[in-house]
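Enquirer: Structure file entry-v2.pdb (PDB, C-alpha atoms and all ligand atoms) is given on the next line.
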MODEL        1
ATOM      1  CA  MET J 939      15.625  19.361  -3.766
ATOM      2  CA  LYS J 940      12.880  19.152  -1.239
ATOM      3  CA  THR J 941      13.153  15.944   0.724
ATOM      4  CA  TYR J 942      10.763  14.324   3.130
ATOM      5  CA  MET J 943      13.282  11.704   4.174
ATOM      6  CA  SER J 944      14.683  12.883   7.461
ATOM      7  CA  ASP J 945      15.739  11.136  10.638
ATOM      8  CA  GLN J 946      12.875  12.882  12.379
ATOM      9  CA  GLU J 947      10.526  10.758  10.416
ATOM     10  CA  ASP J 948       7.431  11.640  12.363
ATOM     11  CA  GLN J 949       7.787  15.203  11.190
ATOM     12  CA  MET J 950       7.225  14.178   7.612
ATOM     13  CA  THR J 951       4.148  15.524   5.963
ATOM     14  CA  LEU J 952       2.846  15.690   2.439
ATOM     15  CA  GLU J 953       2.593  19.434   2.393
ATOM     16  CA  PRO J 954       0.889  20.890  -0.630
ATOM     17  CA  GLN J 955       2.702  23.978  -1.843
ATOM     18  CA  GLY J 956       1.087  27.263  -2.747
ATOM     19  CA  GLU J 957      -1.030  30.003  -1.286
ATOM     20  CA  ASP J 958      -4.279  28.127  -1.027
ATOM     21  CA  ALA J 959      -2.703  25.037   0.489
ATOM     22  CA  PRO J 960      -4.514  23.991   3.660
ATOM     23  CA  VAL J 961      -2.720  25.093   6.805
ATOM     24  CA  GLN J 962      -0.875  22.279   8.552
ATOM     25  CA  ASP J 963      -0.697  22.092  12.307
ATOM     26  CA  GLN J 964       2.581  20.212  12.733
ATOM     27  CA  SER J 965       1.943  19.196  16.324
ATOM     28  CA  ALA J 966      -1.393  17.723  15.322
ATOM     29  CA  VAL J 967       0.262  15.781  12.520
ATOM     30  CA  ASP J 968       2.926  14.461  14.891
ATOM     31  CA  ALA J 969       0.303  13.258  17.308
ATOM     32  CA  LEU J 970      -1.676  11.363  14.685
ATOM     33  CA  GLU J 971      -1.907   7.667  15.136
ATOM     34  CA  THR J 972      -4.274   7.502  12.209
ATOM     35  CA  VAL J 973      -2.116   7.813   9.116
ATOM     36  CA  ILE J 974      -4.795   7.390   6.462
ATOM     37  CA  GLU J 975      -8.249   8.920   6.662
ATOM     38  CA  VAL J 976     -10.749   8.073   3.975
ATOM     39  CA  ASP J 977     -13.602  10.515   4.342
ATOM     40  CA  HIS J 978     -16.905   9.858   2.520
ATOM     41  CA  VAL J 979     -15.199   8.882  -0.724
ATOM     42  CA  ASN J 980     -16.962   8.031  -3.959
ATOM     43  CA  PHE J 981     -14.923   7.037  -6.994
ATOM     44  CA  ALA J 982     -15.834   6.516 -10.659
ATOM     45  CA  TYR J 983     -13.912   5.175 -13.645
ATOM     46  CA  ILE J 984     -16.713   6.334 -15.924
ATOM     47  CA  PRO J 985     -18.434   9.575 -14.934
ATOM     48  CA  GLY J 986     -21.838   8.815 -13.453
ATOM     49  CA  THR J 987     -20.961   5.261 -12.384
ATOM     50  CA  ASP J 988     -19.511   5.234  -8.892
ATOM     51  CA  VAL J 989     -17.696   1.998  -8.027
ATOM     52  CA  LEU J 990     -16.837   3.195  -4.516
ATOM     53  CA  LYS J 991     -19.733   4.552  -2.515
ATOM     54  CA  ASP J 992     -19.386   6.764   0.523
ATOM     55  CA  ILE J 993     -16.329   5.001   1.934
ATOM     56  CA  SER J 994     -15.045   6.258   5.283
ATOM     57  CA  MET J 995     -12.321   4.583   7.282
ATOM     58  CA  ASN J 996      -9.261   5.306   9.390
ATOM     59  CA  ILE J 997      -6.076   3.302   8.989
ATOM     60  CA  ASN J 998      -3.717   3.240  11.931
ATOM     61  CA  LYS J 999       0.022   3.642  12.036
ATOM     62  CA  GLY J1000       1.993   0.419  12.428
ATOM     63  CA  GLU J1001      -0.912  -1.867  11.690
ATOM     64  CA  VAL J1002      -1.652  -4.223   8.833
ATOM     65  CA  THR J1003      -5.095  -3.493   7.413
ATOM     66  CA  ALA J1004      -6.638  -6.041   5.051
ATOM     67  CA  PHE J1005      -9.279  -5.276   2.419
ATOM     68  CA  ILE J1006     -11.452  -8.294   1.686
ATOM     69  CA  GLY J1007     -14.598  -8.925  -0.313
ATOM     70  CA  PRO J1008     -15.805 -10.595  -3.491
ATOM     71  CA  SER J1009     -14.136  -9.843  -6.780
ATOM     72  CA  GLY J1010     -15.143  -6.493  -8.255
ATOM     73  CA  CYS J1011     -16.247  -4.939  -4.938
ATOM     74  CA  GLY J1012     -13.681  -2.125  -5.170
ATOM     75  CA  LYS J1013     -10.788  -3.277  -2.976
ATOM     76  CA  SER J1014      -8.038  -2.572  -5.517
ATOM     77  CA  THR J1015      -9.692   0.645  -6.609
ATOM     78  CA  LEU J1016      -9.603   2.014  -3.077
ATOM     79  CA  LEU J1017      -6.051   0.790  -2.554
ATOM     80  CA  ARG J1018      -4.931   2.523  -5.737
ATOM     81  CA  CYS J1019      -6.691   5.712  -4.641
ATOM     82  CA  LEU J1020      -4.317   5.826  -1.656
ATOM     83  CA  ASN J1021      -1.312   6.709  -3.809
ATOM     84  CA  ARG J1022      -3.250   8.185  -6.715
ATOM     85  CA  MET J1023      -2.416   5.301  -8.998
ATOM     86  CA  ASN J1024      -5.832   5.750 -10.622
ATOM     87  CA  ASP J1025      -4.717   9.171 -11.871
ATOM     88  CA  LEU J1026      -3.279   7.329 -14.864
ATOM     89  CA  ILE J1027      -6.779   6.351 -16.065
ATOM     90  CA  PRO J1028      -8.442   9.109 -18.112
ATOM     91  CA  LYS J1029     -11.682  10.459 -16.604
ATOM     92  CA  ALA J1030     -11.310   8.289 -13.480
ATOM     93  CA  GLY J1031     -11.338  10.034 -10.126
ATOM     94  CA  LEU J1032     -12.924  10.797  -6.795
ATOM     95  CA  THR J1033     -16.430  12.151  -7.270
ATOM     96  CA  GLN J1034     -16.945  12.900  -3.595
ATOM     97  CA  GLY J1035     -14.984  13.059  -0.375
ATOM     98  CA  GLU J1036     -11.376  13.380   0.650
ATOM     99  CA  ILE J1037      -8.419  11.138   1.434
ATOM    100  CA  ARG J1038      -5.946  12.480   3.960
ATOM    101  CA  ILE J1039      -2.567  10.861   4.472
ATOM    102  CA  LEU J1040      -0.341  12.089   7.268
ATOM    103  CA  GLY J1041      -2.886  14.860   7.679
ATOM    104  CA  THR J1042      -2.805  16.117   4.095
ATOM    105  CA  ASP J1043      -5.554  15.980   1.481
ATOM    106  CA  ILE J1044      -3.707  13.947  -1.154
ATOM    107  CA  TYR J1045      -6.066  15.068  -3.941
ATOM    108  CA  HIS J1046      -5.374  18.714  -3.249
ATOM    109  CA  PRO J1047      -4.267  20.212  -6.578
ATOM    110  CA  GLU J1048      -0.984  21.385  -5.067
ATOM    111  CA  VAL J1049       0.089  17.932  -3.885
ATOM    112  CA  ASP J1050       3.088  16.558  -5.759
ATOM    113  CA  VAL J1051       2.206  12.978  -6.711
ATOM    114  CA  ILE J1052       5.874  11.960  -6.912
ATOM    115  CA  GLU J1053       6.351  13.102  -3.310
ATOM    116  CA  LEU J1054       3.187  11.286  -2.287
ATOM    117  CA  ARG J1055       4.467   8.035  -3.758
ATOM    118  CA  LYS J1056       7.732   8.361  -1.837
ATOM    119  CA  HIS J1057       5.631   8.091   1.285
ATOM    120  CA  VAL J1058       3.144   5.582  -0.038
ATOM    121  CA  GLY J1059       4.878   2.738  -1.848
ATOM    122  CA  MET J1060       3.164  -0.061  -3.700
ATOM    123  CA  VAL J1061       3.758  -3.766  -4.250
ATOM    124  CA  PHE J1062       1.771  -5.342  -7.055
ATOM    125  CA  GLN J1063       0.132  -8.699  -7.595
ATOM    126  CA  LYS J1064       2.512  -9.638 -10.381
ATOM    127  CA  TYR J1065       6.056  -9.077  -9.226
ATOM    128  CA  ASN J1066       7.693  -6.700 -11.641
ATOM    129  CA  PRO J1067      11.459  -6.327 -11.183
ATOM    130  CA  PHE J1068      13.172  -4.157 -13.749
ATOM    131  CA  PRO J1069      15.481  -5.903 -16.242
ATOM    132  CA  LYS J1070      18.444  -4.733 -14.200
ATOM    133  CA  SER J1071      20.732  -6.213 -11.586
ATOM    134  CA  ILE J1072      19.456  -7.057  -8.127
ATOM    135  CA  TYR J1073      21.491  -4.129  -6.783
ATOM    136  CA  GLU J1074      20.120  -1.640  -9.298
ATOM    137  CA  ASN J1075      16.552  -2.778  -8.714
ATOM    138  CA  VAL J1076      16.832  -1.850  -5.053
ATOM    139  CA  ALA J1077      18.869   1.308  -5.681
ATOM    140  CA  TYR J1078      16.476   2.511  -8.390
ATOM    141  CA  GLY J1079      14.233   4.767  -6.318
ATOM    142  CA  LEU J1080      17.164   6.399  -4.590
ATOM    143  CA  ARG J1081      18.941   7.047  -7.883
ATOM    144  CA  ILE J1082      15.749   8.688  -9.186
ATOM    145  CA  GLN J1083      15.940  10.957  -6.145
ATOM    146  CA  GLY J1084      19.478  11.923  -7.120
ATOM    147  CA  VAL J1085      21.306   9.740  -4.593
ATOM    148  CA  ASN J1086      24.422   8.418  -6.293
ATOM    149  CA  ARG J1087      27.070   8.097  -3.589
ATOM    150  CA  LYS J1088      28.129   4.458  -3.575
ATOM    151  CA  SER J1089      28.427   4.112   0.195
ATOM    152  CA  VAL J1090      24.883   5.430   0.688
ATOM    153  CA  LEU J1091      23.474   3.160  -2.004
ATOM    154  CA  ASP J1092      25.407   0.128  -0.715
ATOM    155  CA  GLU J1093      24.030   0.680   2.753
ATOM    156  CA  ALA J1094      20.459   1.183   1.509
ATOM    157  CA  VAL J1095      20.596  -1.868  -0.762
ATOM    158  CA  GLU J1096      21.913  -4.084   2.019
ATOM    159  CA  SER J1097      19.509  -2.880   4.696
ATOM    160  CA  SER J1098      16.502  -3.070   2.345
ATOM    161  CA  LEU J1099      17.375  -6.585   1.187
ATOM    162  CA  LYS J1100      17.839  -7.615   4.812
ATOM    163  CA  LEU J1101      14.471  -6.150   5.775
ATOM    164  CA  ALA J1102      12.900  -7.954   2.831
ATOM    165  CA  GLY J1103      14.466 -11.216   4.014
ATOM    166  CA  LEU J1104      16.425 -11.655   0.793
ATOM    167  CA  TRP J1105      19.978 -10.586   1.665
ATOM    168  CA  ASP J1106      21.398 -13.996   2.539
ATOM    169  CA  GLU J1107      20.049 -15.476  -0.680
ATOM    170  CA  VAL J1108      21.450 -12.798  -2.997
ATOM    171  CA  LYS J1109      24.410 -11.112  -1.287
ATOM    172  CA  ASP J1110      26.911 -12.988  -3.473
ATOM    173  CA  ARG J1111      25.171 -12.141  -6.729
ATOM    174  CA  LEU J1112      24.010  -8.569  -6.452
ATOM    175  CA  ASP J1113      25.144  -7.924 -10.019
ATOM    176  CA  SER J1114      22.990 -10.719 -11.450
ATOM    177  CA  SER J1115      19.700  -9.888 -13.105
ATOM    178  CA  GLY J1116      16.684  -9.551 -10.833
ATOM    179  CA  LEU J1117      14.750 -11.499 -13.429
ATOM    180  CA  GLY J1118      16.854 -14.590 -12.695
ATOM    181  CA  LEU J1119      15.352 -14.995  -9.229
ATOM    182  CA  SER J1120      12.447 -17.289  -8.365
ATOM    183  CA  GLY J1121       8.951 -15.787  -8.244
ATOM    184  CA  GLY J1122       8.941 -15.488  -4.467
ATOM    185  CA  GLN J1123      12.402 -13.942  -4.497
ATOM    186  CA  GLN J1124      11.344 -11.491  -7.204
ATOM    187  CA  GLN J1125       8.411 -10.388  -5.076
ATOM    188  CA  ARG J1126      10.729  -9.883  -2.102
ATOM    189  CA  LEU J1127      13.052  -7.932  -4.403
ATOM    190  CA  CYS J1128      10.119  -5.686  -5.299
ATOM    191  CA  ILE J1129       9.402  -5.246  -1.600
ATOM    192  CA  ALA J1130      13.077  -4.323  -1.038
ATOM    193  CA  ARG J1131      12.834  -1.830  -3.906
ATOM    194  CA  THR J1132       9.742  -0.308  -2.294
ATOM    195  CA  ILE J1133      11.211   0.002   1.194
ATOM    196  CA  ALA J1134      14.575   1.377  -0.014
ATOM    197  CA  VAL J1135      13.040   4.859  -0.323
ATOM    198  CA  GLN J1136      11.705   4.585   3.234
ATOM    199  CA  PRO J1137       7.987   5.033   2.659
ATOM    200  CA  LYS J1138       5.680   5.434   5.630
ATOM    201  CA  ILE J1139       2.984   3.266   4.085
ATOM    202  CA  ILE J1140       3.161   0.189   1.869
ATOM    203  CA  LEU J1141       0.180  -0.780  -0.263
ATOM    204  CA  MET J1142       0.070  -4.417  -1.330
ATOM    205  CA  ASP J1143      -2.332  -5.552  -4.013
ATOM    206  CA  GLU J1144      -2.713  -9.331  -3.675
ATOM    207  CA  PRO J1145       1.059  -9.713  -3.274
ATOM    208  CA  CYS J1146       0.954 -13.499  -2.955
ATOM    209  CA  SER J1147      -1.617 -14.474  -5.536
ATOM    210  CA  ALA J1148       1.025 -15.385  -8.137
ATOM    211  CA  LEU J1149       3.170 -17.310  -5.635
ATOM    212  CA  ASP J1150       3.435 -20.919  -4.467
ATOM    213  CA  PRO J1151       2.454 -21.767  -0.861
ATOM    214  CA  ILE J1152       6.017 -21.706   0.510
ATOM    215  CA  SER J1153       6.773 -18.315  -1.033
ATOM    216  CA  THR J1154       3.400 -17.106   0.238
ATOM    217  CA  THR J1155       4.301 -18.126   3.784
ATOM    218  CA  ILE J1156       7.629 -16.291   3.517
ATOM    219  CA  ILE J1157       5.916 -13.101   2.307
ATOM    220  CA  GLU J1158       3.259 -13.349   5.029
ATOM    221  CA  GLU J1159       5.950 -13.666   7.707
ATOM    222  CA  LEU J1160       7.717 -10.729   6.135
ATOM    223  CA  ILE J1161       4.554  -8.589   6.270
ATOM    224  CA  THR J1162       4.289  -9.288   9.994
ATOM    225  CA  GLN J1163       7.880  -8.123  10.491
ATOM    226  CA  LEU J1164       7.543  -5.084   8.238
ATOM    227  CA  LYS J1165       4.683  -3.628  10.229
ATOM    228  CA  GLN J1166       7.177  -2.728  12.941
ATOM    229  CA  GLU J1167       8.470  -0.067  10.548
ATOM    230  CA  PHE J1168       5.657   0.571   8.106
ATOM    231  CA  THR J1169       1.911   0.873   7.967
ATOM    232  CA  ILE J1170       0.640  -1.756   5.552
ATOM    233  CA  VAL J1171      -2.601  -2.006   3.609
ATOM    234  CA  ILE J1172      -3.128  -5.282   1.801
ATOM    235  CA  VAL J1173      -5.800  -6.402  -0.633
ATOM    236  CA  THR J1174      -6.338 -10.128  -0.468
ATOM    237  CA  HIS J1175      -8.928 -12.503  -1.842
ATOM    238  CA  ASN J1176      -7.666 -15.070   0.667
ATOM    239  CA  MET J1177      -9.514 -14.821   3.962
ATOM    240  CA  GLN J1178      -7.052 -17.100   5.751
ATOM    241  CA  GLN J1179      -4.306 -14.743   4.695
ATOM    242  CA  ALA J1180      -6.227 -11.802   6.144
ATOM    243  CA  THR J1181      -6.548 -13.636   9.468
ATOM    244  CA  ARG J1182      -2.851 -14.518   9.476
ATOM    245  CA  VAL J1183      -1.367 -11.138   8.621
ATOM    246  CA  SER J1184      -3.770  -8.357   9.474
ATOM    247  CA  ASP J1185      -4.671  -6.467  12.631
ATOM    248  CA  ARG J1186      -7.771  -4.933  11.149
ATOM    249  CA  THR J1187      -9.996  -6.037   8.301
ATOM    250  CA  ALA J1188     -12.348  -4.075   6.074
ATOM    251  CA  TYR J1189     -15.076  -6.003   4.267
ATOM    252  CA  PHE J1190     -16.360  -4.510   1.009
ATOM    253  CA  TYR J1191     -19.386  -5.476  -1.025
ATOM    254  CA  LEU J1192     -20.551  -3.847  -4.259
ATOM    255  CA  GLY J1193     -18.462  -0.733  -3.709
ATOM    256  CA  GLU J1194     -19.555  -0.200  -0.114
ATOM    257  CA  LEU J1195     -17.604  -0.674   3.080
ATOM    258  CA  ILE J1196     -19.855  -3.013   5.006
ATOM    259  CA  GLU J1197     -17.745  -3.281   8.126
ATOM    260  CA  MET J1198     -14.261  -2.616   9.418
ATOM    261  CA  ASP J1199     -12.995  -3.920  12.711
ATOM    262  CA  VAL J1200     -10.264  -5.822  14.493
ATOM    263  CA  THR J1201      -9.545  -8.884  12.350
ATOM    264  CA  THR J1202     -10.383 -11.450  15.017
ATOM    265  CA  LYS J1203     -13.760  -9.786  15.531
ATOM    266  CA  ILE J1204     -14.551  -9.695  11.815
ATOM    267  CA  PHE J1205     -13.816 -13.413  11.508
ATOM    268  CA  THR J1206     -15.421 -14.602  14.732
ATOM    269  CA  ASN J1207     -18.210 -12.202  15.564
ATOM    270  CA  PRO J1208     -18.879  -9.643  12.832
ATOM    271  CA  SER J1209     -21.492  -6.980  13.458
ATOM    272  CA  GLN J1210     -23.083  -7.151  10.014
ATOM    273  CA  GLN J1211     -25.010 -10.065   8.598
ATOM    274  CA  LYS J1212     -23.497  -9.450   5.149
ATOM    275  CA  THR J1213     -20.021  -9.931   6.610
ATOM    276  CA  GLU J1214     -21.127 -13.095   8.386
ATOM    277  CA  GLU J1215     -22.499 -14.502   5.141
ATOM    278  CA  TYR J1216     -19.252 -13.792   3.330
ATOM    279  CA  ILE J1217     -16.818 -15.100   5.925
ATOM    280  CA  SER J1218     -18.879 -18.229   6.460
ATOM    281  CA  GLY J1219     -18.623 -18.915   2.724
ATOM    282  CA  ARG J1220     -22.311 -18.537   1.966
ATOM    283  CA  PHE J1221     -21.358 -16.438  -1.045
ATOM    284  CA  GLY J1222     -18.445 -14.706  -2.716
TER
HETATM  285  P1  LIG J1301     -11.685  -5.776  -6.577
HETATM  286  O1  LIG J1301     -10.290  -5.311  -6.329
HETATM  287  O2  LIG J1301     -12.504  -5.828  -5.349
HETATM  288  O3  LIG J1301     -11.742  -7.057  -7.357
HETATM  289  P2  LIG J1301     -11.806  -3.538  -8.412
HETATM  290  O4  LIG J1301     -11.453  -2.383  -7.576
HETATM  291  O5  LIG J1301     -10.738  -4.102  -9.303
HETATM  292  O6  LIG J1301     -12.412  -4.679  -7.483
HETATM  293  O7  LIG J1301     -13.033  -3.165  -9.326
HETATM  294  C1  LIG J1301     -14.177  -2.451  -8.828
HETATM  295  C2  LIG J1301     -15.083  -2.136  -9.998
HETATM  296  O8  LIG J1301     -14.432  -1.229 -10.870
HETATM  297  C3  LIG J1301     -15.451  -3.345 -10.840
HETATM  298  O9  LIG J1301     -16.778  -3.189 -11.271
HETATM  299  C4  LIG J1301     -14.487  -3.259 -12.009
HETATM  300  O10 LIG J1301     -15.058  -3.835 -13.172
HETATM  301  C5  LIG J1301     -14.347  -1.746 -12.178
HETATM  302  N1  LIG J1301     -13.019  -1.394 -12.726
HETATM  303  C6  LIG J1301     -11.820  -1.738 -12.242
HETATM  304  N2  LIG J1301     -10.832  -1.202 -12.976
HETATM  305  C7  LIG J1301     -11.426  -0.492 -13.964
HETATM  306  C8  LIG J1301     -10.949   0.310 -15.054
HETATM  307  N3  LIG J1301      -9.645   0.485 -15.271
HETATM  308  N4  LIG J1301     -11.875   0.881 -15.844
HETATM  309  C9  LIG J1301     -13.186   0.727 -15.635
HETATM  310  N5  LIG J1301     -13.714  -0.004 -14.627
HETATM  311  C10 LIG J1301     -12.841  -0.611 -13.807
ENDMDL
END
Mind turning the file's structure into structure tokens?
Expert:
Amino acid sequence: MKTYMSDQEDQMTLEPQGEDAPVQDQSAVDALETVIEVDHVNFAYIPGTDVLKDISMNINKGEVTAFIGPSGCGKSTLLRCLNRMNDLIPKAGLTQGEIRILGTDIYHPEVDVIELRKHVGMVFQKYNPFPKSIYENVAYGLRIQGVNRKSVLDEAVESSLKLAGLWDEVKDRLDSSGLGLSGGQQQRLCIARTIAVQPKIILMDEPCSALDPISTTIIEELITQLKQEFTIVIVTHNMQQATRVSDRTAYFYLGELIEMDVTTKIFTNPSQQKTEEYISGRFG
């Protein structure tokens, strides 16, 4: 089995296989601080109707990048493009441009989408634990990869639950159903499940919008801790949340990227008038 999970994690790439795969310069990949490059991307759900228009951006390793903008402006669509989640929708797809992750064109026909999603995990708006025990929820991704040795799974479950800030609350009931946890705990369980397979990037699509304020605060603090190990991209409709958790913010409007910059700049002195109007609450 080909694995991308090695101790030399910076050597991981998403290499397409096959003769016409683009040539990878490993040293260049190692040196990259930009882990996601979105390069002049258009995207359509229905052919002829682009909902993302000429989007270009770089997302840096170890940062939290927030996507903000009014509902329907394309934030979730772009997020889902980053691990090819939109592949599941018939006829939907990029109509222009390229997305490179860890130096590889992720829409190259030779790219294995399962491998891609090992590197680029996703946490959804509505927490969605499986109807399994807490332990099996976290172990799930590793079992899918063929890891079955108990000591390895025990270690991964414990370290992932610790990283997700849930271990102390559940360590005495790992065999209980994940569905018996509170909403905030279930979302942290989903985060533990995501990080158990050691992705490089975590995509979060409004991860707090179904949670109460206390659970939201816990998840926000968690995001700040997780960025020490992962690159995080978060869609949020909550501008205060973007200011609290993100290093960089991208503002979208009607399918276009209006502006992307350091979060404090976006919220105090944006370059574009459209951004200013949005963050000052004049619309949206
Ligand atoms: P946001 O996350 O900013 O609210 P979305 O990315 O969900 O925006 O939506 C962008 C545009 O794409 C909207 O016009 C929305 O109606 C459309 N859209 C989203 N999902 C689908 C889908 N599955 N099929 C067709 N159109 C969609």
Enquirer: Using all atoms listed in the file, which of J:Glu1096, J:Glu1158, J:Glu1194, J:Glu971 sits nearest ligand LIG 1301 (chain J)?
Expert: J:Glu1194
Enquirer: How big is the axis-aligned box, and where does its centre sit, when it encloses all atoms of ligand LIG 1301 (chain J) listed in the file and has 8 Å added on every side, reported in Å to one decimal as lines of an AutoDock Vina configuration file?
Expert:
center_x = -13.2
center_y = -3.1
center_z = -10.6
size_x = 23.1
size_y = 23.9
size_z = 26.5
Enquirer: 10 Å from ligand LIG 1301 (chain J) is the threshold here; counting all atoms listed in the file, which polymer residues fall inside it? Answer as a ChimeraX atom specification.
Expert: /J:981-984,987-990,1005-1019,1024,1026-1030,1143-1144,1173-1175,1189-1193
Enquirer: Got a sec: who's within 8 Å of Thr1213 in chain J, counting all atoms listed in the file, leaving out chain neighbours fewer than 5 positions off, as number ranges by chain?
Expert: J: 1189, 1196-1197, 1204, 1208
Enquirer: Those same residues, written as a CSV table (one decimal), in the frame of the given file with C-alpha atoms?
Expert:
chain,number,residue,atom,x,y,z
J,1189,TYR,CA,-15.1,-6.0,4.3
J,1196,ILE,CA,-19.9,-3.0,5.0
J,1197,GLU,CA,-17.7,-3.3,8.1
J,1204,ILE,CA,-14.6,-9.7,11.8
J,1208,PRO,CA,-18.9,-9.6,12.8
Enquirer: State, in Å with one decimal place, the distance from CA of Pro1069 in chain J to CA of Leu1160 in chain J.
Expert: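 Rounded to one decimal, the two atoms are 24.2 Å apart.
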Enquirer: Given the choices J:Leu1054, J:Val1061, J:Ile1082, J:Ala1102, which gets closest to Met1142 in chain J if the distance is worked out from all atoms listed in the file?
Expert: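 Distance minimum relative to Met1142 in chain J lands on J:Val1061.
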Enquirer: Which residues are close to Ile1157 in chain J, i.e. within 8 Å by all atoms listed in the file, leaving aside same-chain residues fewer than 2 positions away? Reply as number ranges by chain.
Expert: J: 1122, 1126, 1146, 1153-1155, 1159-1161
Enquirer: Name the residues, using the chain letters and numbers of the file, that sit within 6 Å of (-5.0, -3.1, 7.8) when counting all atoms listed in the file, and give them as a PyMOL selection string.
Expert: chain J and resi 1001-1004+1171+1184-1187
Enquirer: Please measure the separation of CA of Lys999 in chain J and CA of Phe1062 in chain J, giving the value in Å to one decimal.
Expert: 21.2 Å
Enquirer: Using all atoms listed in the file, give me every residue within 12 Å of (26.9, -7.3, -8.8) in file coordinates, as a CSV table (one decimal) with C-alpha atoms, in the frame of the given file.
Expert:
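Saved to selection14.csv:
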chain,number,residue,atom,x,y,z
J,1070,LYS,CA,18.4,-4.7,-14.2
J,1071,SER,CA,20.7,-6.2,-11.6
J,1072,ILE,CA,19.5,-7.1,-8.1
J,1073,TYR,CA,21.5,-4.1,-6.8
J,1074,GLU,CA,20.1,-1.6,-9.3
J,1075,ASN,CA,16.6,-2.8,-8.7
J,1092,ASP,CA,25.4,0.1,-0.7
J,1095,VAL,CA,20.6,-1.9,-0.8
J,1108,VAL,CA,21.4,-12.8,-3.0
J,1109,LYS,CA,24.4,-11.1,-1.3
J,1110,ASP,CA,26.9,-13.0,-3.5
J,1111,ARG,CA,25.2,-12.1,-6.7
J,1112,LEU,CA,24.0,-8.6,-6.5
J,1113,ASP,CA,25.1,-7.9,-10.0
J,1114,SER,CA,23.0,-10.7,-11.4
J,1115,SER,CA,19.7,-9.9,-13.1
J,1116,GLY,CA,16.7,-9.6,-10.8
Enquirer: Of the candidates J:Ser1218, J:Ser1098, J:Thr972, J:Asn1207, which one gets nearest to Thr1042 in chain J if we count all atoms listed in the file?
Expert: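 Answer, going by the shortest atom-to-atom distance: J:Thr972.
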Enquirer: If you apply the PyMOL selection byres (((chain J and resi 1219) around 12) and not hetatm) to this file, what residues do you get, as a PyMOL selection string?
Expert: chain J and resi 1007-1008+1176-1177+1205+1212-1218+1220-1222
Enquirer: For Lys1100 in chain J, list every protein, DNA or RNA residue within 12 Å, evaluated using only C-alpha atoms, and leave out those in the same chain fewer than 3 positions away; present the list as a list in words.
Expert: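 Once the nearby chain positions are removed, what remains is Val1076, Glu1093, Ala1094, Val1095, Glu1096, Ser1097, Gly1103, Leu1104, Trp1105, Asp1106, Glu1107, Val1108, Lys1109, Arg1126, Leu1127, Ile1129, Ala1130, Arg1131, Ile1133, Ala1134, Leu1160, Gln1163 and Leu1164 of chain J.
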Enquirer: With only C-alpha atoms as the basis for distance, which of J:Lys1138, J:Arg1055, J:Arg1182, J:Lys991 is at the shortest distance from Glu1167 in chain J?
Expert: J:Lys1138
Enquirer: Quick one: distance from CA of Gln1063 in chain J to CA of Ala1148 in chain J in Å, one decimal?
Expert: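 That distance, rounded to one decimal, is 6.8 Å.
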